[in-house]
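For reference, the structure is listed below as structure tokens.
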Number of protein chains: 2
Amino acid sequence: MSNVINDHPHVAPTTREKVLRAIAEVGYRPNHTARSLRSGKTGAIGLAVPELSLNYFAELADEVITVAEDMGVVVLIEQTGGDRDRELEALAGARRQMTDGLLFSPLGLGNDDAALLNVGFPLVLLGERIFDGPVDHVTMENVDAARAATSYLLDRGRRRIAVVGAHEGEVIGSAGLRLEGYRAELECRGLPYDERLIVDAGPWHRLHGAEAMRQLLDRGVDFDAVFAFNDELALGALRVLREREIDVPGAVAIIGFDDIDEAQYSLPSLTTIDPGRREIARLAVERLLWRIDGEQGNPERREIRSSYRVVERESA
Amino acid sequence: MSNVINDHPHVAPTTREKVLRAIAEVGYRPNHTARSLRSGKTGAIGLAVPELSLNYFAELADEVITVAEDMGVVVLIEQTGGDRDRELEALAGARRQMTDGLLFSPLGLGNDDAALLNVGFPLVLLGERIFDGPVDHVTMENVDAARAATSYLLDRGRRRIAVVGAHEGEVIGSAGLRLEGYRAELECRGLPYDERLIVDAGPWHRLHGAEAMRQLLDRGVDFDAVFAFNDELALGALRVLREREIDVPGAVAIIGFDDIDEAQYSLPSLTTIDPGRREIARLAVERLLWRIDGEQGNPERREIRSSYRVVERESA
DNA sequence: ATGAAAGCGCTAACAC
DNA sequence: GTGTTAGCGCTTTCAT
């Protein structure tokens with residue numbers, strides 16, 4: 001009977017028939033847990049993200065779950081809050097026994113923690129290439145995409161582009177990379193880089209975008225465009241600009257990053273970078289399952305990059 | 001050794017010590033799958049929602065995961081797209097073997113499907129009391145909350161309140177219940193109910209809120225307030241009002257429902273109903289775990305309601 | 001108080 | 001080709 005279920009090579013059609021009928025009759029359904037015990041595979045993968053309340057991660061999770069379902073595995077979601085300790089816990093914790101591998105979008109972990117990523121199970125990192133360690137990761141083209149955003153604004157005649165969402169001193173996180181892209185494009189065009197135009201923001205929530213924009217305005221720095229490092233920051237900033245009755249995009253153009261659903265519905269709707277979220281999800285799940293299906297020992301670790309695209313809307 | 005782990009009553013302290021040391025030495029960690037097989041419990045619960053890209057469900061999932069973690073179980077999320085077939089699949093499908101119970105937020109299932117909810121595992125419904133069947137469910141006070149929203153607008157002198165998000169003919173879904181609350185409050189105050197003020201909207205996305213508002217405006221019906229049946233609809237409607245340069249809340253006040261994060265950041269920020277999402281999540285998880293922990297046979301099925309609250313912001 | 005063993009349901013290997 | 005069986009790692013019962 002087991003032979004039938006797992007359709008082994010040599011089974012007489014007549015026997016197969018008989019067994020199948022019996023199975024249907026009794027309403028037999030194989031027990032997943034027992035299978036797991038026997039096979040050592042759970043049929044589940046973990047997805048560890050900062051928090052689902054952040055639109056970007058909710059939409060990412062949506063895509064991941066959808067792709068995973070197509071591939072026949074379920075997704076167990078964990079929230080780390082972007083907190084280093086909880087991220088470590090996600091890597092080491094008991095939950096890892098319930099999954100065959102982990103898609104991990106770290107935020108709190110730093111470069112020094114690279115060694116900790118040498119875990120004993122399939123692991124695929126989402127987001128930036130923060131670590132030197134030999135880990136698969138799927139990332140977006142942060143630098144290039146940020147250049148493209150900057151270039152987009154410059155092409156439309158903007159010359160003083162403020163940046164919202166920098167993380168001072170960071171080099172290899174999203175903020176660092178996007179700032180690098182911004183600088184590179186300015187430099188390439190022989191335009192000056194003015195530090196006063198750069199505003200830090202801690203977490204990338206709307207609230208902090210709003211705060212950052214208020215700061216910028218209160219400083220009295222002159223600017224004619226804003227490059228916000230994600231859409232939530234952009235929407236927060238946008239809200240403040242409109243509060244102060246500054247015309248967008250007339251007086252100030254604004255471009256975001258992520259292309260969350262919401263970007264279509266703000267007023268003005270938000271021009272932004274689509275980082276290929278769906279593609280990221282698909283690539284990541286595929287890679288992870290490939291590792292799970294035996295390519296574990298394969299030493300080749302890769303950086304997989306998804307393609308991006310400027311989405312033109314009303315704000316810039 | 002098993003006796004030590006499960007701390008049985010009669011173990012000599014010296015033996016316990018010895019075993020514990022050995023455990024530490026070998027780095028032994030109990031195998032979750034084997035435990036599951038033995039105990040018949042997976043340590044996971046399912047959460048089936050329409051889609052995570054909808055803000056309300058993302059935030060609900062956030063809360064559910066957080067509460068579940070506190071209670072020591074993990075959450076396996078499934079998306080149904082609000083589609084009847086996929087909802088049935090969520091109830092019957094193979095995934096049910098991977099969880100001890102299910103939190104289910106149905107959308108496509110109708111009253112006729114009540115019988116299908118007689119499943120052989122712990123099940124707690126989230127959302128409206130659509131079904132007569134003997135199933136636990138955690139719900140919000142839709143009718144009362146809708147009355148409160150209506151009352152709030154009436155108290156501020158609004159007399160012609162448009163409704164966005166009705167589902168024609170529906171009686172027991174969120175749309176039906178909220179419309180019932182709206183009508184009840186009007187009636188209670190002796191005010192007329194004008195059908196022309198009621199606009200249907202299919203899915204409750206921003207897009208459909210925008211469409212509905214355009215329809216309403218194009219019809220030329222006079223109104224001085226809008227009650228949108230959720231925040232996404234409200235934000236879509238708001239966007240159109242602002243496009244047409246209609247002053248909010250001056251000319252038209254608008255109130256939403258759900259209190260999603262975003263409601264704080266629109267311009268104007270959105271007055272809305274907080275349906276007690278966190279409370280819903282907590283009550284639902286607690287109830288489900290209670291069923292899982294042996295209260296299965298208990299015939300008493302309950303409707304648990306969370307409390308709501310009007311959140312006053314700028315839009316009304 | 002401790003150790004041994006049966007069995008949860010499955011699959012892969014092996015004997016028929 | 002088909003039927004039987006050992007054993008995945010745990011817990012619980014039963015001898016000791």
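Quick note on naming: the chains in the structure tokens go A, B, ... in the order shown, residues restart at 1 in each chain, and ligands are numbered from 1 in order of appearance.
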Can you give me chain B superposed onto chain A, least-squares on all Cα in order, written as a short mmCIF file (atom, residue, chain, number, x, y, z; two decimals) with C-alpha atoms, in the first residue's frame?
data_model
loop_
_atom_site.label_atom_id
_atom_site.label_comp_id
_atom_site.auth_asym_id
_atom_site.auth_seq_id
_atom_site.Cartn_x
_atom_site.Cartn_y
_atom_site.Cartn_z
CA MET B 1 -0.13 -0.14 0.14
CA SER B 2 2.67 2.27 0.88
CA ASN B 3 4.02 1.15 -2.45
CA VAL B 4 0.88 2.30 -4.16
CA ILE B 5 0.79 5.67 -2.50
CA ASN B 6 4.34 6.47 -3.36
CA ASP B 7 3.77 4.84 -6.73
CA HIS B 8 6.66 2.48 -6.75
CA PRO B 9 7.78 1.01 -10.05
CA HIS B 10 6.53 -2.54 -9.79
CA VAL B 11 2.92 -2.77 -8.80
CA ALA B 12 0.38 -4.85 -10.66
CA PRO B 13 -2.42 -2.68 -12.00
CA THR B 14 -4.93 -5.00 -10.36
CA THR B 15 -3.37 -4.60 -6.94
CA ARG B 16 -3.11 -0.87 -7.34
CA GLU B 17 -6.79 -0.79 -8.16
CA LYS B 18 -7.69 -2.84 -5.15
CA VAL B 19 -5.68 -0.72 -2.77
CA LEU B 20 -7.01 2.49 -4.23
CA ARG B 21 -10.55 1.30 -3.73
CA ALA B 22 -9.88 0.33 -0.14
CA ILE B 23 -8.33 3.73 0.46
CA ALA B 24 -11.39 5.49 -0.88
CA GLU B 25 -13.65 3.24 1.11
CA VAL B 26 -12.10 3.86 4.48
CA GLY B 27 -11.54 7.50 3.68
CA TYR B 28 -7.89 7.03 4.47
CA ARG B 29 -5.68 10.07 4.51
CA PRO B 30 -1.97 9.80 5.14
CA ASN B 31 -0.83 11.41 8.36
CA HIS B 32 1.34 14.37 7.69
CA THR B 33 3.15 14.32 11.00
CA ALA B 34 4.19 10.70 10.68
CA ARG B 35 5.44 11.43 7.20
CA SER B 36 7.42 14.32 8.55
CA LEU B 37 8.98 12.19 11.22
CA ARG B 38 9.93 9.57 8.72
CA SER B 39 11.16 11.88 6.00
CA GLY B 40 12.69 14.56 8.14
CA LYS B 41 10.84 17.22 6.16
CA THR B 42 8.05 19.34 7.56
CA GLY B 43 6.67 20.78 4.35
CA ALA B 44 6.80 24.24 5.85
CA ILE B 45 9.15 27.18 5.45
CA GLY B 46 9.58 30.07 7.82
CA LEU B 47 9.34 33.71 6.89
CA ALA B 48 10.84 36.10 9.43
CA VAL B 49 10.09 39.76 8.86
CA PRO B 50 10.10 42.83 11.08
CA GLU B 51 6.34 43.24 11.18
CA LEU B 52 3.34 42.58 9.03
CA SER B 53 1.83 45.93 9.85
CA LEU B 54 4.44 47.44 7.62
CA ASN B 55 2.87 47.44 4.26
CA TYR B 56 5.92 46.34 2.39
CA PHE B 57 6.27 43.20 4.45
CA ALA B 58 2.59 42.41 4.34
CA GLU B 59 2.71 42.52 0.59
CA LEU B 60 5.91 40.53 0.54
CA ALA B 61 4.33 37.91 2.78
CA ASP B 62 1.31 37.81 0.51
CA GLU B 63 3.55 37.03 -2.44
CA VAL B 64 5.66 34.53 -0.57
CA ILE B 65 2.62 32.62 0.64
CA THR B 66 1.17 32.58 -2.85
CA VAL B 67 4.34 31.30 -4.45
CA ALA B 68 4.90 28.78 -1.68
CA GLU B 69 1.42 27.43 -2.09
CA ASP B 70 2.10 26.85 -5.77
CA MET B 71 5.17 24.93 -4.78
CA GLY B 72 3.32 22.86 -2.23
CA VAL B 73 4.71 24.20 1.01
CA VAL B 74 3.15 26.27 3.74
CA VAL B 75 4.54 29.37 5.36
CA LEU B 76 5.05 30.02 9.01
CA ILE B 77 5.43 33.70 9.69
CA GLU B 78 7.45 35.18 12.51
CA GLN B 79 7.80 38.80 13.45
CA THR B 80 11.07 40.09 14.79
CA GLY B 81 10.19 43.73 15.22
CA GLY B 82 13.55 44.42 13.61
CA ASP B 83 15.02 43.71 17.00
CA ARG B 84 18.44 42.09 17.07
CA ASP B 85 17.68 39.68 19.90
CA ARG B 86 14.49 38.49 18.35
CA GLU B 87 16.23 38.09 15.04
CA LEU B 88 18.83 35.89 16.65
CA GLU B 89 16.02 33.98 18.26
CA ALA B 90 14.44 33.48 14.84
CA LEU B 91 17.68 31.91 13.66
CA ALA B 92 18.23 29.64 16.61
CA GLY B 93 14.84 29.24 18.23
CA ALA B 94 12.70 26.18 18.59
CA ARG B 95 10.60 27.14 15.61
CA ARG B 96 13.33 26.12 13.26
CA GLN B 97 12.34 22.57 14.03
CA MET B 98 8.97 23.18 12.53
CA THR B 99 10.28 24.31 9.18
CA ASP B 100 12.64 23.02 6.53
CA GLY B 101 14.22 26.37 5.94
CA LEU B 102 13.94 30.07 6.52
CA LEU B 103 13.40 33.21 4.49
CA PHE B 104 14.86 35.91 6.61
CA SER B 105 14.59 39.62 6.28
CA PRO B 106 16.99 40.95 8.91
CA LEU B 107 17.01 44.50 10.10
CA GLY B 108 18.67 44.58 13.48
CA LEU B 109 21.55 42.27 12.70
CA GLY B 110 24.77 43.97 11.85
CA ASN B 111 27.81 43.04 9.85
CA ASP B 112 29.46 41.61 12.94
CA ASP B 113 26.76 39.02 13.19
CA ALA B 114 27.69 37.48 9.85
CA ALA B 115 29.11 34.42 11.56
CA LEU B 116 25.78 33.70 13.16
CA LEU B 117 24.34 33.08 9.75
CA ASN B 118 26.27 29.88 9.49
CA VAL B 119 23.29 27.89 10.53
CA GLY B 120 22.59 24.25 10.00
CA PHE B 121 19.53 24.65 7.82
CA PRO B 122 18.68 26.19 4.46
CA LEU B 123 18.57 29.94 4.79
CA VAL B 124 17.86 32.62 2.24
CA LEU B 125 18.23 36.26 3.14
CA LEU B 126 15.90 38.88 1.81
CA GLY B 127 16.95 42.46 1.47
CA GLU B 128 20.38 43.88 1.42
CA ARG B 129 23.66 42.10 1.20
CA ILE B 130 24.66 43.09 4.68
CA PHE B 131 26.80 40.09 5.33
CA ASP B 132 29.94 38.69 3.92
CA GLY B 133 29.08 35.21 5.06
CA PRO B 134 28.37 32.44 2.61
CA VAL B 135 24.62 32.80 2.56
CA ASP B 136 22.15 32.92 -0.31
CA HIS B 137 20.34 36.14 -0.57
CA VAL B 138 17.83 37.76 -2.82
CA THR B 139 18.10 41.46 -3.02
CA MET B 140 17.00 44.40 -4.99
CA GLU B 141 19.28 46.67 -6.93
CA ASN B 142 19.38 49.30 -4.26
CA VAL B 143 22.20 51.39 -5.56
CA ASP B 144 21.10 51.34 -9.16
CA ALA B 145 17.47 51.90 -8.30
CA ALA B 146 18.36 54.86 -6.10
CA ARG B 147 20.44 56.27 -8.92
CA ALA B 148 17.49 55.85 -11.24
CA ALA B 149 15.21 57.67 -8.81
CA THR B 150 17.69 60.51 -8.47
CA SER B 151 18.23 60.61 -12.18
CA TYR B 152 14.50 60.74 -12.75
CA LEU B 153 14.21 63.87 -10.62
CA LEU B 154 17.28 65.50 -12.15
CA ASP B 155 15.96 64.83 -15.63
CA ARG B 156 12.88 66.80 -14.71
CA GLY B 157 14.93 69.82 -13.79
CA ARG B 158 15.11 69.36 -10.05
CA ARG B 159 18.44 70.39 -8.63
CA ARG B 160 18.12 70.35 -4.86
CA ILE B 161 16.92 66.91 -3.92
CA ALA B 162 16.34 66.25 -0.24
CA VAL B 163 16.72 62.73 1.09
CA VAL B 164 14.41 61.37 3.75
CA GLY B 165 15.26 58.19 5.59
CA ALA B 166 19.03 58.14 5.81
CA HIS B 167 20.67 56.22 8.61
CA GLU B 168 23.78 58.06 9.57
CA GLY B 169 26.91 56.02 9.31
CA GLU B 170 25.24 53.06 7.70
CA VAL B 171 26.95 51.73 4.64
CA ILE B 172 25.53 48.39 3.77
CA GLY B 173 21.88 48.55 4.76
CA SER B 174 19.12 49.74 2.46
CA ALA B 175 19.57 53.27 3.71
CA GLY B 176 23.31 53.20 3.10
CA LEU B 177 22.99 51.72 -0.36
CA ARG B 178 20.26 54.05 -1.46
CA LEU B 179 22.22 57.03 -0.25
CA GLU B 180 25.21 55.71 -2.15
CA GLY B 181 23.11 55.58 -5.31
CA TYR B 182 21.92 59.12 -4.74
CA ARG B 183 25.45 60.40 -4.29
CA ALA B 184 26.77 58.48 -7.23
CA GLU B 185 24.22 59.99 -9.56
CA LEU B 186 24.91 63.51 -8.34
CA GLU B 187 28.61 63.00 -8.71
CA CYS B 188 28.23 61.51 -12.13
CA ARG B 189 26.47 64.67 -13.22
CA GLY B 190 28.95 66.92 -11.52
CA LEU B 191 26.41 68.23 -9.04
CA PRO B 192 27.25 69.07 -5.43
CA TYR B 193 26.26 66.87 -2.52
CA ASP B 194 24.79 69.01 0.24
CA GLU B 195 24.60 67.37 3.64
CA ARG B 196 21.94 69.72 4.81
CA LEU B 197 19.56 68.05 2.40
CA ILE B 198 19.94 64.69 4.08
CA VAL B 199 17.49 63.87 6.86
CA ASP B 200 17.75 60.84 9.04
CA ALA B 201 14.74 58.79 10.00
CA GLY B 202 14.78 55.86 12.37
CA PRO B 203 12.17 53.31 11.51
CA TRP B 204 10.74 53.82 8.06
CA HIS B 205 7.18 54.54 9.10
CA ARG B 206 4.89 57.31 7.93
CA LEU B 207 5.26 58.97 11.25
CA HIS B 208 8.99 59.32 10.87
CA GLY B 209 8.65 60.57 7.33
CA ALA B 210 6.37 63.28 8.63
CA GLU B 211 8.78 64.19 11.38
CA ALA B 212 11.73 64.28 9.05
CA MET B 213 9.92 66.56 6.66
CA ARG B 214 8.98 68.93 9.45
CA GLN B 215 12.58 69.04 10.54
CA LEU B 216 13.73 69.79 7.03
CA LEU B 217 11.21 72.57 6.58
CA ASP B 218 12.00 74.05 9.95
CA ARG B 219 15.67 74.12 9.13
CA GLY B 220 14.82 76.45 6.30
CA VAL B 221 16.90 74.53 3.77
CA ASP B 222 15.94 75.17 0.21
CA PHE B 223 14.89 72.12 -1.85
CA ASP B 224 12.75 71.36 -4.86
CA ALA B 225 12.44 67.59 -4.62
CA VAL B 226 12.41 64.76 -2.10
CA PHE B 227 13.70 61.28 -2.47
CA ALA B 228 12.16 59.22 0.34
CA PHE B 229 13.81 55.89 0.97
CA ASN B 230 10.50 54.12 1.15
CA ASP B 231 6.89 54.82 0.35
CA GLU B 232 5.74 55.08 3.92
CA LEU B 233 8.29 57.79 4.59
CA ALA B 234 7.22 59.47 1.37
CA LEU B 235 3.58 59.42 2.39
CA GLY B 236 4.38 60.85 5.79
CA ALA B 237 6.48 63.57 4.17
CA LEU B 238 3.77 64.21 1.62
CA ARG B 239 1.24 64.69 4.34
CA VAL B 240 3.37 67.42 5.93
CA LEU B 241 4.04 69.16 2.64
CA ARG B 242 0.34 69.33 2.01
CA GLU B 243 -0.39 70.51 5.53
CA ARG B 244 1.94 73.40 4.90
CA GLU B 245 0.30 73.99 1.56
CA ILE B 246 3.38 73.36 -0.45
CA ASP B 247 2.42 72.33 -3.95
CA VAL B 248 3.37 68.81 -4.96
CA PRO B 249 4.78 68.32 -7.50
CA GLY B 250 4.75 72.02 -8.45
CA ALA B 251 7.04 73.37 -5.77
CA VAL B 252 8.41 70.08 -4.53
CA ALA B 253 8.48 66.79 -6.40
CA ILE B 254 8.56 63.60 -4.37
CA ILE B 255 9.55 60.07 -5.21
CA GLY B 256 9.31 57.02 -2.97
CA PHE B 257 10.60 53.49 -3.00
CA ASP B 258 8.76 50.14 -2.85
CA ASP B 259 5.57 50.74 -4.79
CA ILE B 260 3.23 49.63 -2.06
CA ASP B 261 -0.45 49.47 -3.03
CA GLU B 262 -1.14 52.65 -1.23
CA ALA B 263 1.13 54.65 -3.47
CA GLN B 264 -1.55 54.59 -6.12
CA TYR B 265 -4.13 56.20 -3.91
CA SER B 266 -2.48 59.08 -2.20
CA LEU B 267 -3.15 62.57 -3.48
CA PRO B 268 -1.12 63.21 -5.46
CA SER B 269 -0.43 59.57 -6.23
CA LEU B 270 3.14 58.64 -5.54
CA THR B 271 5.87 58.24 -8.11
CA THR B 272 8.07 55.46 -6.82
CA ILE B 273 10.44 52.60 -7.52
CA ASP B 274 8.98 49.16 -7.98
CA PRO B 275 11.68 46.89 -6.60
CA GLY B 276 10.10 43.80 -8.09
CA ARG B 277 8.54 42.45 -4.96
CA ARG B 278 6.78 39.60 -6.68
CA GLU B 279 9.97 38.58 -8.40
CA ILE B 280 11.86 38.72 -5.13
CA ALA B 281 9.31 36.45 -3.50
CA ARG B 282 9.44 33.96 -6.32
CA LEU B 283 13.21 33.90 -6.57
CA ALA B 284 13.58 33.54 -2.83
CA VAL B 285 11.13 30.69 -2.44
CA GLU B 286 12.57 28.87 -5.42
CA ARG B 287 16.07 29.20 -4.10
CA LEU B 288 15.11 28.05 -0.64
CA LEU B 289 13.27 25.00 -1.91
CA TRP B 290 16.20 24.18 -4.12
CA ARG B 291 18.44 24.16 -1.07
CA ILE B 292 15.93 22.12 0.86
CA ASP B 293 15.75 19.60 -1.93
CA GLY B 294 19.23 18.45 -1.43
CA GLU B 295 21.40 21.24 -2.70
CA GLN B 296 22.38 21.85 0.87
CA GLY B 297 25.95 20.87 0.50
CA ASN B 298 26.41 22.94 -2.60
CA PRO B 299 28.91 25.54 -1.52
CA GLU B 300 27.99 27.99 -4.23
CA ARG B 301 26.10 30.78 -2.52
CA ARG B 302 24.62 33.40 -4.64
CA GLU B 303 23.39 36.88 -4.63
CA ILE B 304 20.26 37.05 -6.69
CA ARG B 305 19.02 40.44 -7.73
CA SER B 306 15.59 41.32 -8.91
CA SER B 307 14.98 44.01 -11.44
CA TYR B 308 13.50 47.39 -10.58
CA ARG B 309 11.50 49.97 -12.42
CA VAL B 310 10.51 53.60 -11.98
CA VAL B 311 6.74 53.94 -11.68
CA GLU B 312 5.71 57.37 -12.82
CA ARG B 313 2.68 58.84 -11.11
CA GLU B 314 1.63 62.33 -10.08
CA SER B 315 4.04 63.31 -7.34
CA ALA B 316 7.11 63.69 -9.53
#
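For stretch 20-86 of chain A, the set of residues given strand (DSSP E or B) by DSSP on the backbone reads Ala44, Ile45, Gly46, Leu47, Ala48, Val49, Val74, Val75, Leu76, Ile77, Glu78 and Gln79 of chain A.
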Dump as a PDB file, in the first residue's frame, selection limited to C-alpha atoms:
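Printed below is again.pdb as written:
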ATOM      1  CA  ALA A  44       6.783  24.237   5.957  1.00  0.00           C
ATOM      2  CA  ILE A  45       9.125  27.160   5.551  1.00  0.00           C
ATOM      3  CA  GLY A  46       9.570  30.077   7.930  1.00  0.00           C
ATOM      4  CA  LEU A  47       9.320  33.713   6.986  1.00  0.00           C
ATOM      5  CA  ALA A  48      10.826  36.098   9.515  1.00  0.00           C
ATOM      6  CA  VAL A  49      10.072  39.755   8.946  1.00  0.00           C
ATOM      7  CA  VAL A  74       3.141  26.271   3.855  1.00  0.00           C
ATOM      8  CA  VAL A  75       4.531  29.379   5.466  1.00  0.00           C
ATOM      9  CA  LEU A  76       5.024  30.020   9.113  1.00  0.00           C
ATOM     10  CA  ILE A  77       5.409  33.713   9.790  1.00  0.00           C
ATOM     11  CA  GLU A  78       7.439  35.179  12.610  1.00  0.00           C
ATOM     12  CA  GLN A  79       7.772  38.816  13.534  1.00  0.00           C
TER      13      GLN A  79
END
Please list as a VMD selection string every residue within 10 Å of D:DG3, counting only C-alpha atoms (C1' of nucleotides) and excluding residues in the same chain fewer than 2 positions away. (chain A and resid 1) or (chain C and resid 15 to 16) or (chain D and resid 1 5)
DSSP-assigned alpha helix (DSSP H) among stretch 67-305 of chain B, expressed as a PyMOL selection string: chain B and resi 67-70+84-92+142-155+174-188+206-219+231-243+277-290
Deliver the residues from the most recent selection as a file, using C-alpha atoms, as an mmCIF file, in the first residue's frame.
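Writing the result to part22.cif gives the following:
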data_model
loop_
_atom_site.group_PDB
_atom_site.id
_atom_site.type_symbol
_atom_site.label_atom_id
_atom_site.label_comp_id
_atom_site.auth_asym_id
_atom_site.auth_seq_id
_atom_site.Cartn_x
_atom_site.Cartn_y
_atom_site.Cartn_z
ATOM 1 C CA VAL B 67 -0.652 36.737 20.903
ATOM 2 C CA ALA B 68 -0.016 33.215 19.666
ATOM 3 C CA GLU B 69 3.666 33.554 20.332
ATOM 4 C CA ASP B 70 2.913 34.537 23.903
ATOM 5 C CA ARG B 84 -15.680 30.525 -1.762
ATOM 6 C CA ASP B 85 -13.857 27.539 -3.220
ATOM 7 C CA ARG B 86 -10.612 28.436 -1.599
ATOM 8 C CA GLU B 87 -12.374 29.010 1.670
ATOM 9 C CA LEU B 88 -13.852 25.543 1.500
ATOM 10 C CA GLU B 89 -10.414 24.260 0.697
ATOM 11 C CA ALA B 90 -9.077 25.999 3.794
ATOM 12 C CA LEU B 91 -11.623 24.102 5.862
ATOM 13 C CA ALA B 92 -11.052 20.709 4.352
ATOM 14 C CA ASN B 142 -21.075 45.863 13.848
ATOM 15 C CA VAL B 143 -24.560 47.146 14.292
ATOM 16 C CA ASP B 144 -23.849 49.158 17.396
ATOM 17 C CA ALA B 145 -20.597 50.516 16.046
ATOM 18 C CA ALA B 146 -22.287 51.591 12.822
ATOM 19 C CA ARG B 147 -24.984 53.290 14.852
ATOM 20 C CA ALA B 148 -22.296 55.070 16.822
ATOM 21 C CA ALA B 149 -20.625 56.252 13.628
ATOM 22 C CA THR B 150 -23.914 57.508 12.252
ATOM 23 C CA SER B 151 -24.789 59.104 15.527
ATOM 24 C CA TYR B 152 -21.417 60.816 15.631
ATOM 25 C CA LEU B 153 -22.083 62.470 12.284
ATOM 26 C CA LEU B 154 -25.654 63.400 13.173
ATOM 27 C CA ASP B 155 -24.508 64.938 16.430
ATOM 28 C CA SER B 174 -20.387 43.222 7.686
ATOM 29 C CA ALA B 175 -21.961 45.346 5.002
ATOM 30 C CA GLY B 176 -25.457 44.228 5.914
ATOM 31 C CA LEU B 177 -24.948 44.737 9.620
ATOM 32 C CA ARG B 178 -23.346 48.111 9.266
ATOM 33 C CA LEU B 179 -26.131 49.265 7.010
ATOM 34 C CA GLU B 180 -28.601 47.999 9.579
ATOM 35 C CA GLY B 181 -26.888 50.105 12.231
ATOM 36 C CA TYR B 182 -27.006 53.143 9.991
ATOM 37 C CA ARG B 183 -30.707 52.709 9.323
ATOM 38 C CA ALA B 184 -31.503 52.029 12.926
ATOM 39 C CA GLU B 185 -29.887 55.240 14.057
ATOM 40 C CA LEU B 186 -31.687 57.296 11.428
ATOM 41 C CA GLU B 187 -34.968 55.716 12.329
ATOM 42 C CA CYS B 188 -34.394 56.217 15.999
ATOM 43 C CA ARG B 206 -9.398 51.952 -1.942
ATOM 44 C CA LEU B 207 -10.041 51.640 -5.606
ATOM 45 C CA HIS B 208 -13.665 50.761 -5.082
ATOM 46 C CA GLY B 209 -14.117 53.529 -2.564
ATOM 47 C CA ALA B 210 -12.860 55.953 -5.168
ATOM 48 C CA GLU B 211 -15.172 54.550 -7.797
ATOM 49 C CA ALA B 212 -18.159 54.642 -5.501
ATOM 50 C CA MET B 213 -17.511 58.243 -4.614
ATOM 51 C CA ARG B 214 -17.240 59.219 -8.256
ATOM 52 C CA GLN B 215 -20.529 57.517 -8.929
ATOM 53 C CA LEU B 216 -22.182 59.326 -6.075
ATOM 54 C CA LEU B 217 -20.882 62.698 -7.189
ATOM 55 C CA ASP B 218 -21.836 62.064 -10.771
ATOM 56 C CA ARG B 219 -25.345 61.178 -9.743
ATOM 57 C CA ASP B 231 -11.042 52.710 6.082
ATOM 58 C CA GLU B 232 -9.744 51.684 2.702
ATOM 59 C CA LEU B 233 -13.026 52.663 1.104
ATOM 60 C CA ALA B 234 -12.929 55.891 3.075
ATOM 61 C CA LEU B 235 -9.440 56.695 1.859
ATOM 62 C CA GLY B 236 -10.394 55.995 -1.726
ATOM 63 C CA ALA B 237 -13.462 58.201 -1.361
ATOM 64 C CA LEU B 238 -11.411 60.865 0.349
ATOM 65 C CA ARG B 239 -8.990 60.912 -2.502
ATOM 66 C CA VAL B 240 -11.805 61.624 -4.971
ATOM 67 C CA LEU B 241 -13.346 64.318 -2.805
ATOM 68 C CA ARG B 242 -10.024 66.074 -2.667
ATOM 69 C CA GLU B 243 -9.458 65.672 -6.378
ATOM 70 C CA ARG B 277 -8.603 44.512 16.616
ATOM 71 C CA ARG B 278 -6.101 43.621 19.279
ATOM 72 C CA GLU B 279 -8.853 42.438 21.563
ATOM 73 C CA ILE B 280 -10.358 40.372 18.785
ATOM 74 C CA ALA B 281 -7.027 38.696 18.155
ATOM 75 C CA ARG B 282 -6.510 37.928 21.802
ATOM 76 C CA LEU B 283 -10.013 36.633 22.396
ATOM 77 C CA ALA B 284 -9.890 34.494 19.295
ATOM 78 C CA VAL B 285 -6.559 32.878 20.035
ATOM 79 C CA GLU B 286 -7.504 32.253 23.637
ATOM 80 C CA ARG B 287 -10.757 30.655 22.643
ATOM 81 C CA LEU B 288 -9.141 28.477 20.029
ATOM 82 C CA LEU B 289 -6.445 27.243 22.378
ATOM 83 C CA TRP B 290 -9.068 26.547 24.983
#
Mind listing as a PyMOL selection string which residues of chain C are within 9 Å of chain B, counting only C-alpha atoms (C1' of nucleotides)? chain C and resi 1-2+7-9
Could you turn the residues from that selection into a file that holds C-alpha atoms (C1' of nucleotides), as a PDB file, in the first residue's frame?
ATOM      1  C1'  DA C   1      12.805   5.588  41.906  1.00  0.00           C
ATOM      2  C1'  DT C   2      14.516   3.878  37.659  1.00  0.00           C
ATOM      3  C1'  DG C   7       3.524   2.074  19.785  1.00  0.00           C
ATOM      4  C1'  DC C   8       2.016   6.867  17.457  1.00  0.00           C
ATOM      5  C1'  DG C   9       1.717   6.324  11.346  1.00  0.00           C
TER       6       DG C   9
END
Please report, as CSV, each residue of chain D lying at most 12 Å from chain A, together with the nearest pair of atoms and the separation in Å rounded to one decimal; use only C-alpha atoms (C1' of nucleotides), and order rows by chain and ascending residue number.
residue,atom,partner,partner_atom,distance
D:DG1,C1',A:Val11,CA,6.2
D:DT2,C1',A:Val11,CA,8.4
D:DG3,C1',A:Met1,CA,9.3
D:DT4,C1',A:Met1,CA,11.6
D:DG7,C1',A:Arg38,CA,9.0
D:DC8,C1',A:Arg38,CA,4.9
D:DG9,C1',A:Leu37,CA,8.0
D:DC10,C1',A:Leu37,CA,10.3
